[in-house]
>>> print(open('my_file_30.pdb').read())   # PDB, C-alpha atoms and all ligand atoms
ATOM      1  CA  MET A 704     -33.485   5.902   6.929
ATOM      2  CA  THR A 705     -29.925   6.050   5.646
ATOM      3  CA  THR A 706     -27.269   3.626   6.823
ATOM      4  CA  ALA A 707     -25.703   6.568   8.688
ATOM      5  CA  ASN A 708     -28.617   6.370  11.086
ATOM      6  CA  LEU A 709     -27.739   2.770  11.866
ATOM      7  CA  ASN A 710     -24.367   3.727  13.355
ATOM      8  CA  THR A 711     -23.911   3.631  17.092
ATOM      9  CA  ALA A 712     -25.108   6.622  19.093
ATOM     10  CA  SER A 713     -21.579   7.590  20.143
ATOM     11  CA  GLU A 714     -20.455   7.619  16.512
ATOM     12  CA  MET A 715     -23.346   9.859  15.597
ATOM     13  CA  ILE A 716     -22.577  12.287  18.432
ATOM     14  CA  HIS A 717     -18.888  12.521  17.582
ATOM     15  CA  SER A 718     -19.319  12.613  13.839
ATOM     16  CA  THR A 719     -19.023  15.902  12.095
ATOM     17  CA  GLY A 720     -19.378  14.487   8.590
ATOM     18  CA  ALA A 721     -16.594  14.025   6.066
ATOM     19  CA  LYS A 722     -15.430  16.605   3.588
ATOM     20  CA  ILE A 723     -16.545  15.363   0.208
ATOM     21  CA  ILE A 724     -13.641  15.437  -2.230
ATOM     22  CA  ASP A 725     -14.941  16.967  -5.444
ATOM     23  CA  GLY A 726     -13.103  15.100  -8.187
ATOM     24  CA  ARG A 727     -14.873  17.055 -10.907
ATOM     25  CA  LEU A 728     -13.576  20.333  -9.487
ATOM     26  CA  HIS A 729      -9.989  19.089  -9.166
ATOM     27  CA  ALA A 730     -10.145  17.557 -12.639
ATOM     28  CA  ARG A 731     -11.418  20.832 -14.078
ATOM     29  CA  ARG A 732      -8.548  22.752 -12.463
ATOM     30  CA  LEU A 733      -5.953  20.322 -13.755
ATOM     31  CA  ARG A 734      -7.480  20.388 -17.219
ATOM     32  CA  GLU A 735      -7.147  24.164 -17.320
ATOM     33  CA  GLU A 736      -3.393  23.754 -16.769
ATOM     34  CA  LEU A 737      -3.215  20.996 -19.375
ATOM     35  CA  ARG A 738      -5.100  23.133 -21.910
ATOM     36  CA  ILE A 739      -2.440  25.822 -21.540
ATOM     37  CA  LYS A 740       0.378  23.294 -21.967
ATOM     38  CA  ALA A 741      -1.271  21.764 -25.062
ATOM     39  CA  ALA A 742      -1.700  25.239 -26.600
ATOM     40  CA  GLU A 743       1.952  26.058 -25.917
ATOM     41  CA  LEU A 744       3.065  22.850 -27.633
ATOM     42  CA  LEU A 745       0.810  23.569 -30.615
ATOM     43  CA  ALA A 746       2.215  27.087 -30.929
ATOM     44  CA  LYS A 747       5.814  25.925 -30.640
ATOM     45  CA  PHE A 748       5.750  22.736 -32.710
ATOM     46  CA  GLY A 749       2.860  23.378 -35.091
ATOM     47  CA  ALA A 750       0.999  20.239 -33.997
ATOM     48  CA  PRO A 751      -1.049  19.223 -30.989
ATOM     49  CA  PRO A 752      -0.202  16.337 -28.667
ATOM     50  CA  LYS A 753      -1.862  13.261 -30.156
ATOM     51  CA  LEU A 754      -3.314  10.115 -28.566
ATOM     52  CA  THR A 755      -4.329   6.957 -30.398
ATOM     53  CA  VAL A 756      -6.864   4.758 -28.626
ATOM     54  CA  ILE A 757      -7.266   1.206 -29.917
ATOM     55  CA  LEU A 758     -10.575  -0.489 -29.146
ATOM     56  CA  VAL A 759     -11.024  -4.162 -29.993
ATOM     57  CA  GLY A 760     -14.609  -5.409 -30.038
ATOM     58  CA  ASP A 761     -17.822  -3.642 -29.146
ATOM     59  CA  ASP A 762     -18.137  -3.921 -25.369
ATOM     60  CA  ALA A 763     -20.613  -1.178 -24.435
ATOM     61  CA  ALA A 764     -18.757  -0.003 -21.300
ATOM     62  CA  SER A 765     -15.433   0.153 -23.166
ATOM     63  CA  ARG A 766     -17.049   2.127 -25.999
ATOM     64  CA  LEU A 767     -18.356   4.632 -23.460
ATOM     65  CA  TYR A 768     -14.951   4.931 -21.734
ATOM     66  CA  VAL A 769     -13.236   5.451 -25.088
ATOM     67  CA  SER A 770     -15.714   8.092 -26.157
ATOM     68  CA  ASN A 771     -15.202   9.901 -22.810
ATOM     69  CA  LYS A 772     -11.438   9.818 -23.373
ATOM     70  CA  SER A 773     -11.816  11.325 -26.862
ATOM     71  CA  LYS A 774     -14.120  14.039 -25.560
ATOM     72  CA  ALA A 775     -11.679  14.888 -22.767
ATOM     73  CA  CYS A 776      -8.819  15.075 -25.291
ATOM     74  CA  ARG A 777     -10.764  17.536 -27.443
ATOM     75  CA  ASP A 778     -11.582  19.559 -24.343
ATOM     76  CA  VAL A 779      -7.892  20.341 -23.661
ATOM     77  CA  GLY A 780      -6.561  20.486 -27.231
ATOM     78  CA  ILE A 781      -5.167  16.968 -27.595
ATOM     79  CA  GLU A 782      -5.875  15.310 -30.938
ATOM     80  CA  SER A 783      -7.335  11.861 -30.487
ATOM     81  CA  VAL A 784      -7.794   9.065 -32.963
ATOM     82  CA  VAL A 785      -9.831   5.960 -32.177
ATOM     83  CA  ILE A 786      -8.989   2.809 -34.106
ATOM     84  CA  THR A 787     -11.766   0.247 -33.757
ATOM     85  CA  LEU A 788     -11.054  -3.380 -34.630
ATOM     86  CA  PRO A 789     -13.564  -6.234 -34.729
ATOM     87  CA  ALA A 790     -13.717  -8.567 -31.713
ATOM     88  CA  SER A 791     -12.544 -11.417 -33.965
ATOM     89  CA  SER A 792      -9.250  -9.647 -34.802
ATOM     90  CA  THR A 793      -6.134 -11.795 -34.637
ATOM     91  CA  LEU A 794      -3.154 -11.010 -32.442
ATOM     92  CA  ASP A 795      -1.103 -10.325 -35.594
ATOM     93  CA  THR A 796      -3.619  -7.757 -36.802
ATOM     94  CA  LEU A 797      -3.640  -5.945 -33.473
ATOM     95  CA  LEU A 798       0.154  -5.994 -33.182
ATOM     96  CA  ALA A 799       0.476  -4.608 -36.713
ATOM     97  CA  VAL A 800      -1.806  -1.701 -35.783
ATOM     98  CA  ILE A 801       0.264  -1.022 -32.658
ATOM     99  CA  GLU A 802       3.517  -1.133 -34.654
ATOM    100  CA  GLU A 803       2.131   1.370 -37.119
ATOM    101  CA  GLN A 804       1.255   3.761 -34.279
ATOM    102  CA  ASN A 805       4.679   3.188 -32.690
ATOM    103  CA  ARG A 806       6.328   4.295 -35.944
ATOM    104  CA  ASP A 807       4.053   7.285 -36.562
ATOM    105  CA  ALA A 808       6.003  10.315 -35.294
ATOM    106  CA  SER A 809       2.833  12.422 -35.037
ATOM    107  CA  VAL A 810       1.442  10.050 -32.359
ATOM    108  CA  HIS A 811       2.645  10.676 -28.796
ATOM    109  CA  GLY A 812       0.444   8.332 -26.787
ATOM    110  CA  ILE A 813      -1.020   4.890 -27.486
ATOM    111  CA  LEU A 814      -3.668   3.220 -25.354
ATOM    112  CA  VAL A 815      -5.192  -0.209 -25.922
ATOM    113  CA  GLN A 816      -8.552  -0.248 -24.158
ATOM    114  CA  LEU A 817      -8.960  -3.168 -21.749
ATOM    115  CA  PRO A 818     -10.395  -5.725 -21.356
ATOM    116  CA  LEU A 819      -9.419  -7.332 -24.644
ATOM    117  CA  PRO A 820     -11.455 -10.195 -26.138
ATOM    118  CA  ARG A 821     -10.476 -13.424 -24.377
ATOM    119  CA  HIS A 822      -8.436 -14.886 -27.247
ATOM    120  CA  LEU A 823      -5.972 -11.975 -27.188
ATOM    121  CA  PRO A 824      -3.103 -12.256 -24.655
ATOM    122  CA  VAL A 825      -3.115  -8.933 -22.842
ATOM    123  CA  HIS A 826       0.521  -8.923 -21.713
ATOM    124  CA  ALA A 827       1.845  -9.777 -25.180
ATOM    125  CA  VAL A 828      -0.178  -6.853 -26.527
ATOM    126  CA  LEU A 829       0.844  -4.307 -23.881
ATOM    127  CA  GLU A 830       4.542  -5.187 -24.291
ATOM    128  CA  ARG A 831       4.397  -4.106 -27.942
ATOM    129  CA  ILE A 832       3.429  -0.530 -27.189
ATOM    130  CA  ALA A 833       6.507   1.697 -27.459
ATOM    131  CA  VAL A 834       7.633   2.455 -23.893
ATOM    132  CA  GLU A 835       7.801   6.206 -24.592
ATOM    133  CA  LYS A 836       4.178   6.209 -25.884
ATOM    134  CA  ASP A 837       2.724   3.979 -23.139
ATOM    135  CA  VAL A 838       0.540   6.639 -21.510
ATOM    136  CA  ASP A 839      -1.384   3.988 -19.529
ATOM    137  CA  GLY A 840       1.883   2.935 -17.869
ATOM    138  CA  PHE A 841       1.052  -0.744 -18.366
ATOM    139  CA  HIS A 842       4.204  -1.821 -20.268
ATOM    140  CA  LEU A 843       6.490  -3.926 -18.045
ATOM    141  CA  TYR A 844       9.216  -1.295 -18.349
ATOM    142  CA  ASN A 845       6.881   1.351 -16.969
ATOM    143  CA  VAL A 846       5.580  -1.006 -14.284
ATOM    144  CA  GLY A 847       9.227  -1.561 -13.269
ATOM    145  CA  SER A 848       9.879   2.197 -13.283
ATOM    146  CA  LEU A 849       6.972   2.644 -10.919
ATOM    147  CA  ALA A 850       8.385  -0.043  -8.624
ATOM    148  CA  VAL A 851      11.758   1.721  -8.381
ATOM    149  CA  GLY A 852      10.280   5.209  -8.140
ATOM    150  CA  THR A 853      11.217   6.645 -11.538
ATOM    151  CA  ALA A 854       7.850   6.410 -13.303
ATOM    152  CA  VAL A 855       7.303   8.708 -16.253
ATOM    153  CA  PHE A 856       3.771   7.470 -16.891
ATOM    154  CA  PRO A 857       2.092   6.514 -13.609
ATOM    155  CA  PRO A 858      -1.094   4.507 -14.308
ATOM    156  CA  CYS A 859      -3.966   6.958 -14.595
ATOM    157  CA  THR A 860      -6.263   5.928 -11.733
ATOM    158  CA  PRO A 861      -3.547   5.694  -9.040
ATOM    159  CA  TYR A 862      -2.069   8.927 -10.386
ATOM    160  CA  GLY A 863      -5.500  10.536 -10.012
ATOM    161  CA  VAL A 864      -5.811   9.244  -6.439
ATOM    162  CA  GLN A 865      -2.424  10.705  -5.568
ATOM    163  CA  LYS A 866      -3.336  14.052  -7.154
ATOM    164  CA  LEU A 867      -6.592  14.188  -5.171
ATOM    165  CA  LEU A 868      -4.730  13.588  -1.904
ATOM    166  CA  GLU A 869      -2.193  16.280  -2.812
ATOM    167  CA  ALA A 870      -4.842  18.764  -3.893
ATOM    168  CA  GLU A 871      -6.660  18.339  -0.583
ATOM    169  CA  GLY A 872      -3.407  18.761   1.359
ATOM    170  CA  ILE A 873      -3.720  15.291   2.883
ATOM    171  CA  PRO A 874      -0.352  14.066   4.178
ATOM    172  CA  ILE A 875       0.839  10.694   2.882
ATOM    173  CA  ALA A 876       4.243  10.161   4.536
ATOM    174  CA  GLY A 877       4.006   8.035   7.648
ATOM    175  CA  GLN A 878       0.301   7.340   7.197
ATOM    176  CA  ASN A 879      -1.213   3.866   7.373
ATOM    177  CA  VAL A 880      -2.627   3.183   3.914
ATOM    178  CA  VAL A 881      -4.819   0.167   3.267
ATOM    179  CA  VAL A 882      -5.605  -0.635  -0.360
ATOM    180  CA  VAL A 883      -8.499  -3.017  -0.905
ATOM    181  CA  GLY A 884      -8.068  -4.695  -4.303
ATOM    182  CA  ALA A 885      -4.838  -5.995  -5.831
ATOM    183  CA  SER A 886      -5.413  -5.416  -9.545
ATOM    184  CA  ASN A 887      -2.576  -4.492 -11.889
ATOM    185  CA  ILE A 888      -4.486  -1.402 -13.043
ATOM    186  CA  VAL A 889      -5.407   0.096  -9.670
ATOM    187  CA  GLY A 890      -4.555  -1.745  -6.442
ATOM    188  CA  LYS A 891      -0.914  -2.713  -6.961
ATOM    189  CA  PRO A 892       0.232   0.558  -8.574
ATOM    190  CA  THR A 893      -1.653   2.624  -5.978
ATOM    191  CA  ALA A 894       0.152   0.733  -3.231
ATOM    192  CA  MET A 895       3.528   1.255  -4.900
ATOM    193  CA  MET A 896       2.961   4.965  -5.499
ATOM    194  CA  LEU A 897       1.903   5.658  -1.927
ATOM    195  CA  MET A 898       4.725   3.507  -0.545
ATOM    196  CA  GLN A 899       7.073   5.613  -2.669
ATOM    197  CA  ARG A 900       5.667   8.615  -0.812
ATOM    198  CA  ASP A 901       6.643   6.996   2.504
ATOM    199  CA  ALA A 902       3.251   5.635   3.545
ATOM    200  CA  THR A 903       3.012   2.294   5.363
ATOM    201  CA  VAL A 904       0.993   0.242   2.920
ATOM    202  CA  CYS A 905      -1.082  -2.918   3.235
ATOM    203  CA  ILE A 906      -2.851  -4.535   0.269
ATOM    204  CA  CYS A 907      -6.002  -6.573   0.881
ATOM    205  CA  HIS A 908      -7.785  -8.627  -1.761
ATOM    206  CA  ALA A 909     -10.587 -11.095  -2.366
ATOM    207  CA  LYS A 910      -8.919 -13.820  -0.253
ATOM    208  CA  THR A 911      -8.129 -11.573   2.724
ATOM    209  CA  ARG A 912      -9.596 -13.052   5.901
ATOM    210  CA  ASP A 913     -11.413 -10.597   8.166
ATOM    211  CA  LEU A 914     -11.000  -7.540   5.971
ATOM    212  CA  ALA A 915     -12.210  -5.239   8.746
ATOM    213  CA  GLN A 916      -9.212  -5.958  10.990
ATOM    214  CA  PHE A 917      -7.031  -4.342   8.308
ATOM    215  CA  THR A 918      -9.309  -1.537   7.094
ATOM    216  CA  ILE A 919      -9.914  -0.284  10.645
ATOM    217  CA  LEU A 920      -6.189   0.591  10.891
ATOM    218  CA  ALA A 921      -6.199   2.792   7.783
ATOM    219  CA  ASP A 922      -5.537   6.515   7.964
ATOM    220  CA  ILE A 923      -6.090   6.435   4.198
ATOM    221  CA  LEU A 924      -8.345   3.701   2.834
ATOM    222  CA  VAL A 925      -8.339   3.175  -0.936
ATOM    223  CA  VAL A 926     -11.022   0.775  -2.128
ATOM    224  CA  ALA A 927     -10.910  -0.745  -5.614
ATOM    225  CA  ALA A 928     -12.632  -4.099  -5.309
ATOM    226  CA  GLY A 929     -15.666  -3.728  -7.568
ATOM    227  CA  ARG A 930     -18.200  -4.719  -4.875
ATOM    228  CA  PRO A 931     -20.964  -2.357  -3.809
ATOM    229  CA  ASN A 932     -21.188  -1.753  -0.041
ATOM    230  CA  LEU A 933     -18.025  -3.771   0.661
ATOM    231  CA  ILE A 934     -16.882  -1.118   3.121
ATOM    232  CA  VAL A 935     -19.316  -0.086   5.859
ATOM    233  CA  SER A 936     -18.736   2.396   8.659
ATOM    234  CA  GLN A 937     -17.833  -0.220  11.288
ATOM    235  CA  MET A 938     -14.771  -1.085   9.155
ATOM    236  CA  VAL A 939     -13.445   2.475   9.056
ATOM    237  CA  LYS A 940     -11.405   4.367  11.643
ATOM    238  CA  THR A 941     -12.887   7.663  12.823
ATOM    239  CA  GLY A 942     -11.261  10.458  10.838
ATOM    240  CA  ALA A 943      -9.949   8.214   8.040
ATOM    241  CA  VAL A 944      -9.598   9.453   4.474
ATOM    242  CA  VAL A 945     -11.674   7.167   2.245
ATOM    243  CA  ILE A 946     -10.996   7.006  -1.494
ATOM    244  CA  ASP A 947     -13.587   4.954  -3.366
ATOM    245  CA  VAL A 948     -12.359   3.768  -6.756
ATOM    246  CA  GLY A 949     -15.259   1.352  -7.334
ATOM    247  CA  ILE A 950     -17.745   1.889 -10.144
ATOM    248  CA  ASN A 951     -20.693  -0.510  -9.882
ATOM    249  CA  ARG A 952     -24.003  -0.378 -11.726
ATOM    250  CA  LEU A 953     -26.882  -1.593  -9.541
ATOM    251  CA  PRO A 954     -29.861  -3.468 -11.040
ATOM    252  CA  ASP A 955     -31.865  -0.212 -10.924
ATOM    253  CA  GLY A 956     -29.194   1.476 -13.075
ATOM    254  CA  LYS A 957     -27.731   3.575 -10.255
ATOM    255  CA  ILE A 958     -23.929   3.923 -10.223
ATOM    256  CA  VAL A 959     -22.317   3.370  -6.815
ATOM    257  CA  GLY A 960     -18.817   2.760  -5.491
ATOM    258  CA  ASP A 961     -17.538   0.053  -3.145
ATOM    259  CA  VAL A 962     -18.155   2.117  -0.010
ATOM    260  CA  ASP A 963     -21.427   2.673   1.842
ATOM    261  CA  PHE A 964     -21.204   6.409   1.296
ATOM    262  CA  ASP A 965     -23.994   7.498   3.656
ATOM    263  CA  GLY A 966     -22.656   5.541   6.623
ATOM    264  CA  VAL A 967     -18.926   6.010   6.071
ATOM    265  CA  SER A 968     -19.184   9.739   5.358
ATOM    266  CA  GLN A 969     -20.404  10.190   8.954
ATOM    267  CA  LYS A 970     -17.167   8.738  10.263
ATOM    268  CA  ALA A 971     -14.440   9.649   7.760
ATOM    269  CA  SER A 972     -12.665  13.013   7.583
ATOM    270  CA  TYR A 973     -12.608  12.995   3.761
ATOM    271  CA  ILE A 974     -14.459  10.821   1.272
ATOM    272  CA  THR A 975     -14.762  10.636  -2.513
ATOM    273  CA  PRO A 976     -18.254  10.279  -3.972
ATOM    274  CA  VAL A 977     -19.157   7.926  -6.816
ATOM    275  CA  PRO A 978     -19.714   9.269  -9.369
ATOM    276  CA  GLY A 979     -17.742  12.503  -9.263
ATOM    277  CA  GLY A 980     -14.714  11.441  -7.214
ATOM    278  CA  VAL A 981     -11.829   9.457  -8.666
ATOM    279  CA  GLY A 982     -13.485   8.875 -12.074
ATOM    280  CA  PRO A 983     -12.975  12.368 -13.539
ATOM    281  CA  MET A 984      -9.357  12.309 -12.346
ATOM    282  CA  THR A 985      -8.549   9.057 -14.171
ATOM    283  CA  VAL A 986      -9.283  10.526 -17.590
ATOM    284  CA  THR A 987      -7.535  13.769 -16.649
ATOM    285  CA  MET A 988      -4.325  11.947 -15.766
ATOM    286  CA  LEU A 989      -4.432  10.206 -19.148
ATOM    287  CA  LEU A 990      -4.425  13.683 -20.688
ATOM    288  CA  ALA A 991      -1.521  14.667 -18.418
ATOM    289  CA  ASN A 992       0.478  11.587 -19.446
ATOM    290  CA  THR A 993      -0.196  12.275 -23.130
ATOM    291  CA  ILE A 994       1.112  15.821 -22.772
ATOM    292  CA  THR A 995       4.157  14.470 -20.915
ATOM    293  CA  ALA A 996       4.761  12.035 -23.780
ATOM    294  CA  ALA A 997       4.567  14.868 -26.326
ATOM    295  CA  GLN A 998       6.867  17.101 -24.264
ATOM    296  CA  ARG A 999       9.443  14.340 -23.992
ATOM    297  CA  MET A1000       9.269  13.479 -27.683
ATOM    298  CA  TRP A1001       9.747  17.130 -28.607
ATOM    299  CA  GLY A1002      12.581  17.539 -26.094
ATOM    300  CA  GLU A1003      10.608  19.890 -23.877
ATOM    301  CA  PRO A1004      10.965  19.853 -20.113
ATOM    302  CA  SER A1005       8.211  17.873 -18.424
ATOM    303  CA  HIS A1006       7.361  17.138 -14.821
ATOM    304  CA  ALA A1007       8.406  13.550 -15.324
ATOM    305  CA  ARG A1008      11.819  12.147 -14.518
ATOM    306  CA  ALA A1009      13.867  10.507 -17.240
ATOM    307  CA  PRO A1010      13.822   6.725 -17.048
TER     308      PRO A1010
HETATM  309  N1  LIG B   1     -10.063  -0.377 -18.798
HETATM  310  C1  LIG B   1     -10.410   0.018 -17.558
HETATM  311  N2  LIG B   1      -9.523   0.909 -17.076
HETATM  312  C2  LIG B   1      -8.589   1.076 -18.025
HETATM  313  C3  LIG B   1      -7.424   1.876 -18.109
HETATM  314  O1  LIG B   1      -7.048   2.627 -17.207
HETATM  315  N3  LIG B   1      -6.723   1.768 -19.279
HETATM  316  C4  LIG B   1      -7.109   0.943 -20.283
HETATM  317  N4  LIG B   1      -6.339   0.893 -21.379
HETATM  318  N5  LIG B   1      -8.185   0.188 -20.228
HETATM  319  C5  LIG B   1      -8.921   0.268 -19.110
END
>>> encode(input="my_file_30.pdb", output="structure tokens", more="lines below")
Ligand code: GUN
Amino acid sequence: MTTANLNTASEMIHSTGAKIIDGRLHARRLREELRIKAAELLAKFGAPPKLTVILVGDDAASRLYVSNKSKACRDVGIESVVITLPASSTLDTLLAVIEEQNRDASVHGILVQLPLPRHLPVHAVLERIAVEKDVDGFHLYNVGSLAVGTAVFPPCTPYGVQKLLEAEGIPIAGQNVVVVGASNIVGKPTAMMLMQRDATVCICHAKTRDLAQFTILADILVVAAGRPNLIVSQMVKTGAVVIDVGINRLPDGKIVGDVDFDGVSQKASYITPVPGGVGPMTVTMLLANTITAAQRMWGEPSHARAP
């Protein structure tokens, strides 16, 4: 029996089942456009857009993410270089590597894979990435640009969430958005981006009392808390759009999000699966930001506004 069967009878009768948002499909479509842009830049400037990824240490998940990013770059014609440093690297060593990439005119984007080993101060590291190469959008300048609505490099996961909503024709202006999770990488920038699009936004987090009293109000519920089954159908308004950013590995090896997919998909109007929802969009938006960085460096028009 799935959790959907545990819902109340009236919910079952009225439910029609959510449309499942196919992140792989949307990512594939966007990548086709990016492939064309990368080829145009190569033809015009004699070099491809180029991304440097810096990986410190040998965390298995980070290695996998970095290898996925490289593969995705190759897929659309972006050159990618991975610089791997030992976990014991000093701050000076890492900063010297970043400075070298900042100075290298053939490099358009720089990404330092997070998390860093504990002895390395993450903010001090991110602030050394040249603002115009900060394709993650984590430099304070770019965080500030996002806050005032002039972002050139929106952080990749929130950017992917926004693109999914747009691609599905889901209105944002005037909607009640509840974001569960207040991280710098996902929750806070997602809230700012959707507020910029005239949504009414509420951010919940680990200390929120009675989470359900907030989530039940959401027309669009974005969940990025890193807790399997945090959101069950009783916490979701009928017809809500549910975007699950969570990626959790269960003891049996299965990958699940933060949302009870079986139950909530009976009540929502749209829902993203995990895997295959937001995940493929995150990497795709990194590719988009890298192409934007190359376009700007080469003086080409890009979608992004000047800071
Ligand atoms: N680790 C998990 N997500 C991210 C991300 O979006 N960017 C970087 N640099 N590291 C991450």
>>> residues_near_ligand(input="my_file_30.pdb", ligand="ligand LIG 1 (chain B)", cutoff="6 Å", atoms="all atoms listed in the file", output="VMD selection string")
chain A and resid 814 to 818 839 859
>>> resolve_selection(input="my_file_30.pdb", expression="the PyMOL selection byres (((chain A and resi 752-754) around 7) and not hetatm)", output="short mmCIF file (atom, residue, chain, number, x, y, z; two decimals) with C-alpha atoms, in the coordinates of the input")
data_model
loop_
_atom_site.label_atom_id
_atom_site.label_comp_id
_atom_site.auth_asym_id
_atom_site.auth_seq_id
_atom_site.Cartn_x
_atom_site.Cartn_y
_atom_site.Cartn_z
CA ALA A 741 -1.27 21.76 -25.06
CA ALA A 750 1.00 20.24 -34.00
CA PRO A 751 -1.05 19.22 -30.99
CA THR A 755 -4.33 6.96 -30.40
CA VAL A 756 -6.86 4.76 -28.63
CA ILE A 781 -5.17 16.97 -27.60
CA GLU A 782 -5.88 15.31 -30.94
CA SER A 783 -7.34 11.86 -30.49
CA VAL A 784 -7.79 9.06 -32.96
CA SER A 809 2.83 12.42 -35.04
CA VAL A 810 1.44 10.05 -32.36
CA HIS A 811 2.64 10.68 -28.80
CA GLY A 812 0.44 8.33 -26.79
CA ILE A 813 -1.02 4.89 -27.49
CA THR A 993 -0.20 12.28 -23.13
CA ILE A 994 1.11 15.82 -22.77
CA ALA A 997 4.57 14.87 -26.33
#
>>> atom_distance(input="my_file_30.pdb", atom1="CA of Pro857 (chain A)", atom2="CA of Glu803 (chain A)")
24.1 Å
>>> resolve_selection(input="my_file_30.pdb", expression="the PyMOL selection byres (((chain A and resi 880) around 10) and not hetatm)", output="VMD selection string")
chain A and resid 875 to 879 881 to 883 893 to 894 897 to 898 902 to 906 917 to 918 920 to 925 943 to 944
>>> resolve_selection(input="my_file_30.pdb", expression="the PyMOL selection byres (((chain A and resi 938) around 7) and not hetatm)", output="PyMOL selection string")
chain A and resi 915+918-919+934-937+939-940
>>> decode(input="my_file_30.pdb", residues="region 863-874 of chain A", atoms="N, CA and C atoms", output="PDB file, in the first residue's frame")
ATOM      1  N   GLY A 863      17.428  26.887 -11.582  1.00  0.00           N
ATOM      2  CA  GLY A 863      16.780  25.721 -12.186  1.00  0.00           C
ATOM      3  C   GLY A 863      15.325  25.603 -11.767  1.00  0.00           C
ATOM      4  N   VAL A 864      15.046  25.902 -10.501  1.00  0.00           N
ATOM      5  CA  VAL A 864      13.653  25.867 -10.010  1.00  0.00           C
ATOM      6  C   VAL A 864      12.819  26.894 -10.770  1.00  0.00           C
ATOM      7  N   GLN A 865      13.374  28.096 -10.903  1.00  0.00           N
ATOM      8  CA  GLN A 865      12.634  29.145 -11.617  1.00  0.00           C
ATOM      9  C   GLN A 865      12.384  28.738 -13.073  1.00  0.00           C
ATOM     10  N   LYS A 866      13.393  28.171 -13.705  1.00  0.00           N
ATOM     11  CA  LYS A 866      13.240  27.749 -15.113  1.00  0.00           C
ATOM     12  C   LYS A 866      12.180  26.657 -15.250  1.00  0.00           C
ATOM     13  N   LEU A 867      12.126  25.738 -14.287  1.00  0.00           N
ATOM     14  CA  LEU A 867      11.101  24.686 -14.340  1.00  0.00           C
ATOM     15  C   LEU A 867       9.703  25.289 -14.254  1.00  0.00           C
ATOM     16  N   LEU A 868       9.535  26.240 -13.327  1.00  0.00           N
ATOM     17  CA  LEU A 868       8.218  26.884 -13.177  1.00  0.00           C
ATOM     18  C   LEU A 868       7.848  27.598 -14.474  1.00  0.00           C
ATOM     19  N   GLU A 869       8.812  28.309 -15.051  1.00  0.00           N
ATOM     20  CA  GLU A 869       8.544  29.033 -16.306  1.00  0.00           C
ATOM     21  C   GLU A 869       8.200  28.064 -17.427  1.00  0.00           C
ATOM     22  N   ALA A 870       8.982  26.996 -17.532  1.00  0.00           N
ATOM     23  CA  ALA A 870       8.785  26.051 -18.631  1.00  0.00           C
ATOM     24  C   ALA A 870       7.415  25.384 -18.554  1.00  0.00           C
ATOM     25  N   GLU A 871       6.913  25.219 -17.336  1.00  0.00           N
ATOM     26  CA  GLU A 871       5.598  24.590 -17.166  1.00  0.00           C
ATOM     27  C   GLU A 871       4.470  25.617 -17.231  1.00  0.00           C
ATOM     28  N   GLY A 872       4.833  26.896 -17.407  1.00  0.00           N
ATOM     29  CA  GLY A 872       3.808  27.941 -17.489  1.00  0.00           C
ATOM     30  C   GLY A 872       3.106  28.192 -16.161  1.00  0.00           C
ATOM     31  N   ILE A 873       3.821  27.938 -15.068  1.00  0.00           N
ATOM     32  CA  ILE A 873       3.221  28.131 -13.737  1.00  0.00           C
ATOM     33  C   ILE A 873       3.419  29.590 -13.316  1.00  0.00           C
ATOM     34  N   PRO A 874       2.331  30.298 -13.038  1.00  0.00           N
ATOM     35  CA  PRO A 874       2.490  31.712 -12.656  1.00  0.00           C
ATOM     36  C   PRO A 874       3.177  31.840 -11.300  1.00  0.00           C
TER      37      PRO A 874
END
